[in-house]
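These notes are about the structure you will find just below.
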Number of protein chains: 2
Amino acid sequence: MIQNGQLRVVEDYPRPEVKPGWVLVKPIVVGICKTDLELVEGYMGFSGVPGHEFVGIVVDSGDGKFLGKRVVSEINFACGSCDYCAAGLQRHCPNRSVLGIQRADGAFAEFVALPQKNIHIVPESITDEQAVFIEPLAASLEILMQAHIKPTWKVLVLGDGKLGLLVAQVLRLTGCDLLLVGKHENKMEIVRRMGIKTATPQNLAQMKADLVVECSGNPKGYHLAKSLVRPSGIIVAKSTYHQELSLNWSEIVVDEITIIGSRCGPFPPAIRLLEQGLIDTKPLVTAKYQFKDVLKAFEHARDSQAIKILVEMP
Amino acid sequence: MIQNGQLRVVEDYPRPEVKPGWVLVKPIVVGICKTDLELVEGYMGFSGVPGHEFVGIVVDSGDGKFLGKRVVSEINFACGSCDYCAAGLQRHCPNRSVLGIQRADGAFAEFVALPQKNIHIVPESITDEQAVFIEPLAASLEILMQAHIKPTWKVLVLGDGKLGLLVAQVLRLTGCDLLLVGKHENKMEIVRRMGIKTATPQNLAQMKADLVVECSGNPKGYHLAKSLVRPSGIIVAKSTYHQELSLNWSEIVVDEITIIGSRCGPFPPAIRLLEQGLIDTKPLVTAKYQFKDVLKAFEHARDSQAIKILVEMP
């Protein structure tokens with residue numbers, strides 16, 4: 001658990017209560033996300049159990065419907081009764097808690113409680129190690145919910161972290177002319193092997209893209225994105241910054257740039273793409289630890305060469 | 001003309017050359033835009049004749065097609081041969097000059113030269129005083145080119161300057177639930193008489209809009225817009241700011257806000273709306289000066305109570 005800015009293992013953490021309409025899940029594999037590392041450093045003032053990328057087995061279910069099923073879960077727990085929920089904006093419900101991030105214990109535990117409406121059954125053909133990627137893959141697919149990417153477009157992805165590598169894999173399915181811009185040769189090599197072009201910011205040719213996805217995690221990423229997008233083009237904002245961003249607003253107006261903030265996305269298409277073998281998550285797994293070594297796993301996840309660190313639960 | 005940050009009247013300014021494919025127009029009425037005032041203060045480093053909101057008569061035309069016609073003109077003069085022009089992005093042509101703003105003399109002159117492909121004939125039912133508003137009305141219509149505003153949406157317009165008052169008139173035609181937020185009672189009264197609700201930033205009820213148009217001309221407008229737009233909502237950025245804007249990028253990502261920069265727009269629908277009497281420009285005209293008093297007219301345009309100052313050309 002995370003408490004007072006410290007990550008530690010607790011032996012006697014209470015078993016979560018299963019409210020009506022909720023299920024209890026025993027996690028099998030949990031992934032460590034950049035957000036988890038930030039939570040340890042105080043992001044969101046979170047105190048509790050982290051872990052929001054995971055797969056597990058339903059061990060308690062009110063109506064028995066999901067009992068024994070292998071599942072993943074959407075992470076935003078909406079109230080279901082406010083105006084936003086009524087308008088279909090559950091992921092933006094102002095009363096929401098967020099699994100392992102905000103007022104809801106996550107999956108780095110023996111059991112995790114989840115609203116039944118949030119869970120999705122994982123088809124047999126998807127392995128545990130793949131299933132952990134359904135949540136970030138859904139976040140990548142959110143881009144296709146928000147923008148109509150034409151197959152003739154030039155598209156750039158800035159950032160070669162796990163999200164950038166997933167976003168690039170999703171966007172190449174549109175047939176677009178795609179280039180991933182990163183700084184880590186070992187990470188870029190993964191998508192290069194799939195035929196995706198890559199470049200470093202230094203060897204980037206003068207060009208203008210129709211759409212740029214900003215996953216760099218750094219305010220410099222915005223300025224690079226702005227310099228690379230064509231007038232009337234789109235910047236998709238995927239990564240949050242710790243600092244305020246200072247920008248030239250007039251340029252956005254004069255060049256008629258569209259900026260689209262993009263966070264979580266739909267699970268069913270993420271599951272379909274994995275089932276159909278259209279996304280390869282295997283090379284994104286840097287290492288898998290046993291839960292007894294979870295603190296080492298978190299340490300490893302801080303290494304800039306690491307992509308995804310998984311933890312196998314007892 | 002504007003020269004070295006000074007506006008002055010010049011008697012012997014050379015008559016513009018009429019290149020092949022261009023026409024020569026004698027302006028009848030010219031409007032003073034906020035941009036003109038900024039040009040005097042050094043914006044764009046412009047030197048030459050200002051004036052981009054105008055109506056005039058074609059007095060010289062290569063093929064005679066438009067001779068004697070009353071016309072208005074789109075203000076971006078595209079090269080017609082670059083990739084942007086080929087892609088239909090003429091208004092963003094990097095080689096463009098802009099009438100009375102960038103490398104092209106404007107309409108505060110005896111004659112103005114214009115590319116024939118930029119001009120539009122003004123129907124008889126539209127007066128000279130209305131025709132001067134076709135350019136800013138087209139800029140307002142650009143919002144409808146960029147966003148699909150649903151008739152059930154709550155929409156806010158921030159700013160009660162000329163642009164805000166035109167934008168509000170355009171947006172009310174969608175049937176949306178519209179509120180204009182301004183600071184000048186005399187200006188807000190104009191749209192209130194049309195049935196549009198208004199408020200000051202002080203008496204604004206707690207609310208969330210589906211779309212907010214930022215026409216306030218002030219970086220505070222962005223922060224107000226962000227506080228008033230719902231998650232997954234749209235901010236249309238219409239006004240340029242002199243200063244850099246410092247903002248919380250993470251909020252845009254987490255709330256999945258879309259920001260759309262919006263500048264010039266299409267003339268034909270602007271002409272249609274005026275012809276059909278759906279836009280009322282009359283109350284937006286604060287005063288009309290003779291050209292001999294043009295310096296006084298510019299002085300008057302700086303008054304915060306003024307909306308649109310027109311100048312009748314000799």
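If you're wondering about the labels, chains in the structure tokens are A, B, ... by order shown, residues count from 1 in each chain, ligands from 1 in order shown.
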
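Neighbours of segment 11-24 of chain A closer than or equal to 10 Å, with only C-alpha atoms counted and sequence neighbours fewer than 4 positions away skipped, come out as Met1, Gly48, Val49, Gly56, Ile57, Val58, Val59, Asp60, Ser61, Gly62, Asp63, Gly64, Lys65, Phe66, Leu67, Asp105, Ala109, Glu110, Phe111, Val112, Ala113, Leu114, Pro115, Gln116, Lys117, Asn118 and Ile119 of chain A.
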
Can those selected residues be exported to a file as a short mmCIF file (atom, residue, chain, number, x, y, z; two decimals), in the first residue's frame so that it contains N, CA, C and O atoms?
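Result file follows (result.cif):
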data_model
loop_
_atom_site.label_atom_id
_atom_site.label_comp_id
_atom_site.auth_asym_id
_atom_site.auth_seq_id
_atom_site.Cartn_x
_atom_site.Cartn_y
_atom_site.Cartn_z
N MET A 1 0.83 -1.20 0.00
CA MET A 1 0.00 0.00 0.00
C MET A 1 0.88 1.27 0.00
O MET A 1 2.07 1.21 0.29
N GLY A 48 -3.57 4.24 0.04
CA GLY A 48 -4.30 2.99 -0.13
C GLY A 48 -3.52 2.03 -1.00
O GLY A 48 -2.30 2.16 -1.14
N VAL A 49 -4.23 1.10 -1.62
CA VAL A 49 -3.59 0.07 -2.45
C VAL A 49 -3.56 0.54 -3.91
O VAL A 49 -4.62 0.85 -4.47
N GLY A 56 -7.75 -10.78 -13.21
CA GLY A 56 -8.00 -11.59 -12.02
C GLY A 56 -9.20 -12.49 -12.20
O GLY A 56 -9.83 -12.51 -13.27
N ILE A 57 -9.49 -13.26 -11.15
CA ILE A 57 -10.61 -14.21 -11.17
C ILE A 57 -11.68 -13.73 -10.18
O ILE A 57 -11.35 -13.36 -9.05
N VAL A 58 -12.93 -13.76 -10.62
CA VAL A 58 -14.03 -13.36 -9.74
C VAL A 58 -14.26 -14.47 -8.70
O VAL A 58 -14.53 -15.62 -9.08
N VAL A 59 -14.13 -14.10 -7.42
CA VAL A 59 -14.29 -15.10 -6.36
C VAL A 59 -15.56 -14.88 -5.54
O VAL A 59 -15.96 -15.73 -4.78
N ASP A 60 -16.20 -13.74 -5.73
CA ASP A 60 -17.46 -13.48 -5.03
C ASP A 60 -18.27 -12.53 -5.91
O ASP A 60 -17.77 -11.50 -6.37
N SER A 61 -19.51 -12.90 -6.17
CA SER A 61 -20.35 -12.12 -7.08
C SER A 61 -21.77 -12.25 -6.61
O SER A 61 -22.29 -13.37 -6.48
N GLY A 62 -22.41 -11.12 -6.34
CA GLY A 62 -23.77 -11.12 -5.79
C GLY A 62 -24.70 -12.06 -6.53
O GLY A 62 -25.29 -12.97 -5.94
N ASP A 63 -24.84 -11.86 -7.85
CA ASP A 63 -25.79 -12.68 -8.59
C ASP A 63 -25.13 -13.92 -9.21
O ASP A 63 -25.76 -14.65 -9.98
N GLY A 64 -23.87 -14.16 -8.88
CA GLY A 64 -23.18 -15.36 -9.36
C GLY A 64 -22.82 -15.34 -10.83
O GLY A 64 -22.14 -16.25 -11.33
N LYS A 65 -23.21 -14.29 -11.53
CA LYS A 65 -23.05 -14.25 -12.99
C LYS A 65 -21.59 -14.38 -13.43
O LYS A 65 -21.29 -15.06 -14.41
N PHE A 66 -20.69 -13.71 -12.73
CA PHE A 66 -19.29 -13.68 -13.16
C PHE A 66 -18.39 -14.62 -12.35
O PHE A 66 -17.19 -14.63 -12.55
N LEU A 67 -18.98 -15.37 -11.46
CA LEU A 67 -18.20 -16.20 -10.54
C LEU A 67 -17.26 -17.14 -11.31
O LEU A 67 -17.67 -17.84 -12.24
N ASP A 105 -9.29 1.24 -3.47
CA ASP A 105 -8.11 0.37 -3.42
C ASP A 105 -7.98 -0.42 -4.72
O ASP A 105 -8.97 -0.87 -5.29
N ALA A 109 -3.12 -6.48 -4.23
CA ALA A 109 -3.69 -7.00 -2.98
C ALA A 109 -4.20 -8.40 -3.24
O ALA A 109 -4.31 -8.83 -4.40
N GLU A 110 -4.54 -9.10 -2.17
CA GLU A 110 -5.07 -10.46 -2.32
C GLU A 110 -6.43 -10.42 -3.02
O GLU A 110 -6.74 -11.28 -3.84
N PHE A 111 -7.23 -9.39 -2.67
CA PHE A 111 -8.55 -9.24 -3.27
C PHE A 111 -8.80 -7.77 -3.61
O PHE A 111 -8.29 -6.89 -2.92
N VAL A 112 -9.59 -7.56 -4.66
CA VAL A 112 -9.98 -6.19 -5.02
C VAL A 112 -11.49 -6.19 -5.31
O VAL A 112 -12.01 -7.12 -5.96
N ALA A 113 -12.18 -5.16 -4.82
CA ALA A 113 -13.63 -5.05 -5.03
C ALA A 113 -13.89 -4.14 -6.22
O ALA A 113 -13.28 -3.07 -6.35
N LEU A 114 -14.82 -4.56 -7.09
CA LEU A 114 -15.08 -3.83 -8.33
C LEU A 114 -16.58 -3.78 -8.62
O LEU A 114 -17.28 -4.77 -8.39
N PRO A 115 -17.07 -2.65 -9.14
CA PRO A 115 -18.47 -2.62 -9.56
C PRO A 115 -18.66 -3.63 -10.71
O PRO A 115 -17.85 -3.65 -11.65
N GLN A 116 -19.70 -4.42 -10.63
CA GLN A 116 -19.91 -5.45 -11.66
C GLN A 116 -20.03 -4.84 -13.05
O GLN A 116 -19.58 -5.41 -14.04
N LYS A 117 -20.62 -3.63 -13.13
CA LYS A 117 -20.81 -3.01 -14.45
C LYS A 117 -19.47 -2.60 -15.08
O LYS A 117 -19.41 -2.29 -16.27
N ASN A 118 -18.41 -2.58 -14.27
CA ASN A 118 -17.10 -2.18 -14.81
C ASN A 118 -16.30 -3.33 -15.40
O ASN A 118 -15.30 -3.11 -16.05
N ILE A 119 -16.70 -4.59 -15.11
CA ILE A 119 -15.81 -5.68 -15.49
C ILE A 119 -16.14 -6.26 -16.86
O ILE A 119 -17.27 -6.17 -17.35
#

Give me the chain A side of the contact with chain B, cut-off 10 Å, one line per residue showing its nearest atom pair and distance in Å at one decimal, counting only C-alpha atoms, sorted by chain and residue number, as a tab-separated table.
residue	atom	partner	partner_atom	distance
A:Tyr84	CA	B:Pro231	CA	8.7
A:Leu89	CA	B:Ser232	CA	8.0
A:Arg91	CA	B:Asp255	CA	9.3
A:His92	CA	B:Pro231	CA	6.2
A:Cys93	CA	B:Pro231	CA	8.8
A:Pro94	CA	B:Pro231	CA	9.3
A:Gln146	CA	B:Thr258	CA	9.3
A:Pro219	CA	B:Trp249	CA	8.6
A:Tyr222	CA	B:Trp249	CA	9.4
A:Arg230	CA	B:Tyr84	CA	8.9
A:Pro231	CA	B:His92	CA	6.2
A:Ser232	CA	B:His92	CA	7.9
A:Gly233	CA	B:Ile260	CA	9.9
A:Ile234	CA	B:Ile260	CA	9.0
A:Ile235	CA	B:Ile259	CA	9.7
A:Val236	CA	B:Val253	CA	8.9
A:Ala237	CA	B:Val253	CA	5.9
A:Lys238	CA	B:Val253	CA	6.1
A:Ser239	CA	B:Val253	CA	7.0
A:Thr240	CA	B:Ser250	CA	4.3
A:Tyr241	CA	B:Ser250	CA	5.7
A:His242	CA	B:Ser250	CA	7.6
A:Gln243	CA	B:Asn248	CA	7.6
A:Glu244	CA	B:Asn248	CA	5.0
A:Leu245	CA	B:Leu247	CA	5.3
A:Ser246	CA	B:Ser246	CA	4.1
A:Leu247	CA	B:Leu245	CA	5.3
A:Asn248	CA	B:Glu244	CA	5.0
A:Trp249	CA	B:Leu245	CA	6.2
A:Ser250	CA	B:Thr240	CA	4.3
A:Glu251	CA	B:Thr240	CA	7.9
A:Ile252	CA	B:Gly261	CA	5.1
A:Val253	CA	B:Gly261	CA	4.0
A:Val254	CA	B:Arg263	CA	5.8
A:Asp255	CA	B:His92	CA	6.9
A:Glu256	CA	B:Gly261	CA	4.0
A:Ile257	CA	B:Gly261	CA	5.1
A:Thr258	CA	B:Ile260	CA	4.3
A:Ile259	CA	B:Ile259	CA	4.9
A:Ile260	CA	B:Thr258	CA	4.3
A:Gly261	CA	B:Val253	CA	3.9
A:Ser262	CA	B:Glu256	CA	4.9
A:Arg263	CA	B:Val254	CA	5.8
A:Cys264	CA	B:Val254	CA	8.6

Residues as selected, C-alpha atoms, written as a compact mmCIF listing (two decimals), in the first residue's frame, can you do that?
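The resulting file, out17.txt, is shown below:
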# COMPACT_ATOMS: atom_id res chain seq x y z
CA TYR A 84 -22.80 13.25 -16.35
CA LEU A 89 -20.04 10.53 -19.43
CA ARG A 91 -15.70 8.22 -17.06
CA HIS A 92 -16.04 11.91 -16.12
CA CYS A 93 -18.53 11.46 -13.25
CA PRO A 94 -17.52 14.13 -10.70
CA GLN A 146 -12.20 11.33 -30.63
CA PRO A 219 5.98 20.05 -21.67
CA TYR A 222 3.74 20.19 -26.63
CA ARG A 230 0.08 21.36 -40.04
CA PRO A 231 -2.30 24.34 -39.92
CA SER A 232 -5.81 23.04 -39.26
CA GLY A 233 -4.24 19.85 -37.84
CA ILE A 234 -4.83 18.01 -34.56
CA ILE A 235 -2.71 17.53 -31.43
CA VAL A 236 -3.96 14.71 -29.20
CA ALA A 237 -2.85 15.37 -25.60
CA LYS A 238 -2.26 12.04 -23.87
CA SER A 239 0.33 12.79 -21.24
CA THR A 240 -0.19 14.89 -18.17
CA TYR A 241 2.56 17.30 -17.07
CA HIS A 242 3.55 18.11 -13.50
CA GLN A 243 4.32 21.73 -14.38
CA GLU A 244 2.09 24.41 -15.84
CA LEU A 245 2.54 24.79 -19.58
CA SER A 246 3.24 28.21 -21.06
CA LEU A 247 2.18 28.48 -24.69
CA ASN A 248 1.46 30.92 -27.49
CA TRP A 249 -2.35 30.87 -27.69
CA SER A 250 -2.43 33.14 -30.76
CA GLU A 251 -0.61 30.51 -32.80
CA ILE A 252 -3.37 28.01 -32.01
CA VAL A 253 -5.99 30.51 -33.19
CA VAL A 254 -4.16 31.69 -36.32
CA ASP A 255 -3.15 28.16 -37.39
CA GLU A 256 -6.57 26.79 -36.35
CA ILE A 257 -5.02 23.91 -34.41
CA THR A 258 -7.31 21.49 -32.57
CA ILE A 259 -6.06 20.12 -29.25
CA ILE A 260 -7.89 17.07 -27.90
CA GLY A 261 -7.34 15.93 -24.32
CA SER A 262 -7.51 12.15 -24.19
CA ARG A 263 -7.53 9.82 -21.18
CA CYS A 264 -9.31 6.47 -20.69

Item to check | Non-local contacts of Glu53 of chain B (7 Å; only C-alpha atoms; under 4 positions in same chain excluded) as a VMD selection string | outcome: chain B and resid 30 to 31 132 to 133 135

Checklist entry - Using only C-alpha atoms, which residues sit within 6 Å of segment 173-185 of chain A once same-chain residues fewer than 2 positions away are excluded, as a list of chain:residue names? => result A:Pro151, A:Thr152, A:Trp153, A:Lys154, A:Val155, A:Leu156, A:Val157, A:Leu158, A:Gly159, A:Asp160, A:Val170, A:Leu171, A:Lys187, A:Met188, A:Glu189, A:Lys197, A:Thr198, A:Ala199, A:Thr200

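The space between atom CA of Gly221 of chain B and atom CA of Leu273 of chain B spans 28.2 Å.
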
Item to check | Every residue of segment 117-238 of chain B that DSSP places in helix (DSSP H, G or I), as a PyMOL selection string | outcome: chain B and resi 117-118+128-131+134-146+162-172+185-192+219-228

Next on the checklist: Could you list, as a VMD selection string, every residue within 12 Å of Asp303 of chain A, counting only C-alpha atoms and ignoring same-chain residues fewer than 5 positions away?
Outcome noted: chain A and resid 34 37 161 286 to 287 296 to 298 308 to 309

Checklist entry - Where in segment 41-190 of chain B does DSSP assign strand (DSSP E), given as a PyMOL selection string? => result chain B and resi 53-61+70-73+76-77+97-98+112-115+119-121+154-158+177-181

Those residues with C-alpha atoms, as a PDB file, in the first residue's frame please?
ATOM      1  CA  GLU B  53     -13.484  44.730 -43.750  1.00  0.00           C
ATOM      2  CA  PHE B  54     -14.969  46.589 -46.701  1.00  0.00           C
ATOM      3  CA  VAL B  55     -17.270  46.711 -49.683  1.00  0.00           C
ATOM      4  CA  GLY B  56     -16.395  48.318 -53.020  1.00  0.00           C
ATOM      5  CA  ILE B  57     -16.988  48.513 -56.770  1.00  0.00           C
ATOM      6  CA  VAL B  58     -14.804  46.722 -59.318  1.00  0.00           C
ATOM      7  CA  VAL B  59     -13.323  49.395 -61.585  1.00  0.00           C
ATOM      8  CA  ASP B  60     -10.760  47.310 -63.474  1.00  0.00           C
ATOM      9  CA  SER B  61     -10.968  43.611 -64.233  1.00  0.00           C
ATOM     10  CA  ARG B  70     -20.291  45.590 -55.856  1.00  0.00           C
ATOM     11  CA  VAL B  71     -18.042  43.106 -54.076  1.00  0.00           C
ATOM     12  CA  VAL B  72     -16.407  41.994 -50.846  1.00  0.00           C
ATOM     13  CA  SER B  73     -13.146  40.044 -50.665  1.00  0.00           C
ATOM     14  CA  ASN B  76      -6.050  35.587 -47.441  1.00  0.00           C
ATOM     15  CA  PHE B  77      -4.277  35.766 -50.793  1.00  0.00           C
ATOM     16  CA  SER B  97      -0.339  37.692 -47.990  1.00  0.00           C
ATOM     17  CA  VAL B  98      -3.285  39.011 -45.998  1.00  0.00           C
ATOM     18  CA  VAL B 112      -7.359  48.249 -53.641  1.00  0.00           C
ATOM     19  CA  ALA B 113      -6.038  45.344 -55.739  1.00  0.00           C
ATOM     20  CA  LEU B 114      -7.531  41.888 -55.088  1.00  0.00           C
ATOM     21  CA  PRO B 115      -7.167  38.389 -56.555  1.00  0.00           C
ATOM     22  CA  ILE B 119     -14.013  38.298 -54.429  1.00  0.00           C
ATOM     23  CA  HIS B 120     -17.722  37.692 -53.941  1.00  0.00           C
ATOM     24  CA  ILE B 121     -20.554  39.725 -55.447  1.00  0.00           C
ATOM     25  CA  LYS B 154     -25.621  24.628 -23.617  1.00  0.00           C
ATOM     26  CA  VAL B 155     -23.320  27.115 -25.325  1.00  0.00           C
ATOM     27  CA  LEU B 156     -21.467  30.092 -23.864  1.00  0.00           C
ATOM     28  CA  VAL B 157     -19.915  33.016 -25.702  1.00  0.00           C
ATOM     29  CA  LEU B 158     -17.306  34.909 -23.668  1.00  0.00           C
ATOM     30  CA  ASP B 177     -29.280  27.085 -25.169  1.00  0.00           C
ATOM     31  CA  LEU B 178     -27.097  30.170 -25.477  1.00  0.00           C
ATOM     32  CA  LEU B 179     -25.644  32.615 -22.979  1.00  0.00           C
ATOM     33  CA  LEU B 180     -23.362  35.544 -23.769  1.00  0.00           C
ATOM     34  CA  VAL B 181     -20.995  36.610 -20.990  1.00  0.00           C
TER      35      VAL B 181
END

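Distance annotation: of A:Ala87, A:Leu278, A:Cys82, A:Leu310, the residue with the minimal separation from Asp293 of chain A is A:Leu310; atom set is only C-alpha atoms.
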
Item to check | Within 7 Å of Ser47 of chain B using only C-alpha atoms, minus same-chain residues under 2 positions, as a PyMOL selection string | outcome: chain B and resi 2-3+45

Checklist entry - Quick one: residues within 7 Å of Gly5 of chain B, only C-alpha atoms counted, chain neighbours fewer than 4 positions away excluded, as a PyMOL selection string? => result chain B and resi 40-42

Let me see the file: selected residues, N, CA and C atoms, as an mmCIF file, in the first residue's frame.
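Result written to out.cif:
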data_model
loop_
_atom_site.group_PDB
_atom_site.id
_atom_site.type_symbol
_atom_site.label_atom_id
_atom_site.label_comp_id
_atom_site.auth_asym_id
_atom_site.auth_seq_id
_atom_site.Cartn_x
_atom_site.Cartn_y
_atom_site.Cartn_z
ATOM 1 N N VAL B 40 -1.517 49.273 -35.923
ATOM 2 C CA VAL B 40 -0.936 50.592 -35.666
ATOM 3 C C VAL B 40 0.094 50.494 -34.541
ATOM 4 N N GLU B 41 -0.194 49.591 -33.590
ATOM 5 C CA GLU B 41 0.724 49.430 -32.450
ATOM 6 C C GLU B 41 1.867 48.459 -32.736
ATOM 7 N N GLY B 42 1.975 48.029 -33.983
ATOM 8 C CA GLY B 42 3.142 47.228 -34.341
ATOM 9 C C GLY B 42 2.892 45.754 -34.592
#

Next on the checklist: Between B:Gly195, B:Thr35, B:Gly68, B:Asp210, which residue has the minimum interatomic distance to Ile149 of chain B, considering only C-alpha atoms?
Outcome noted: B:Asp210
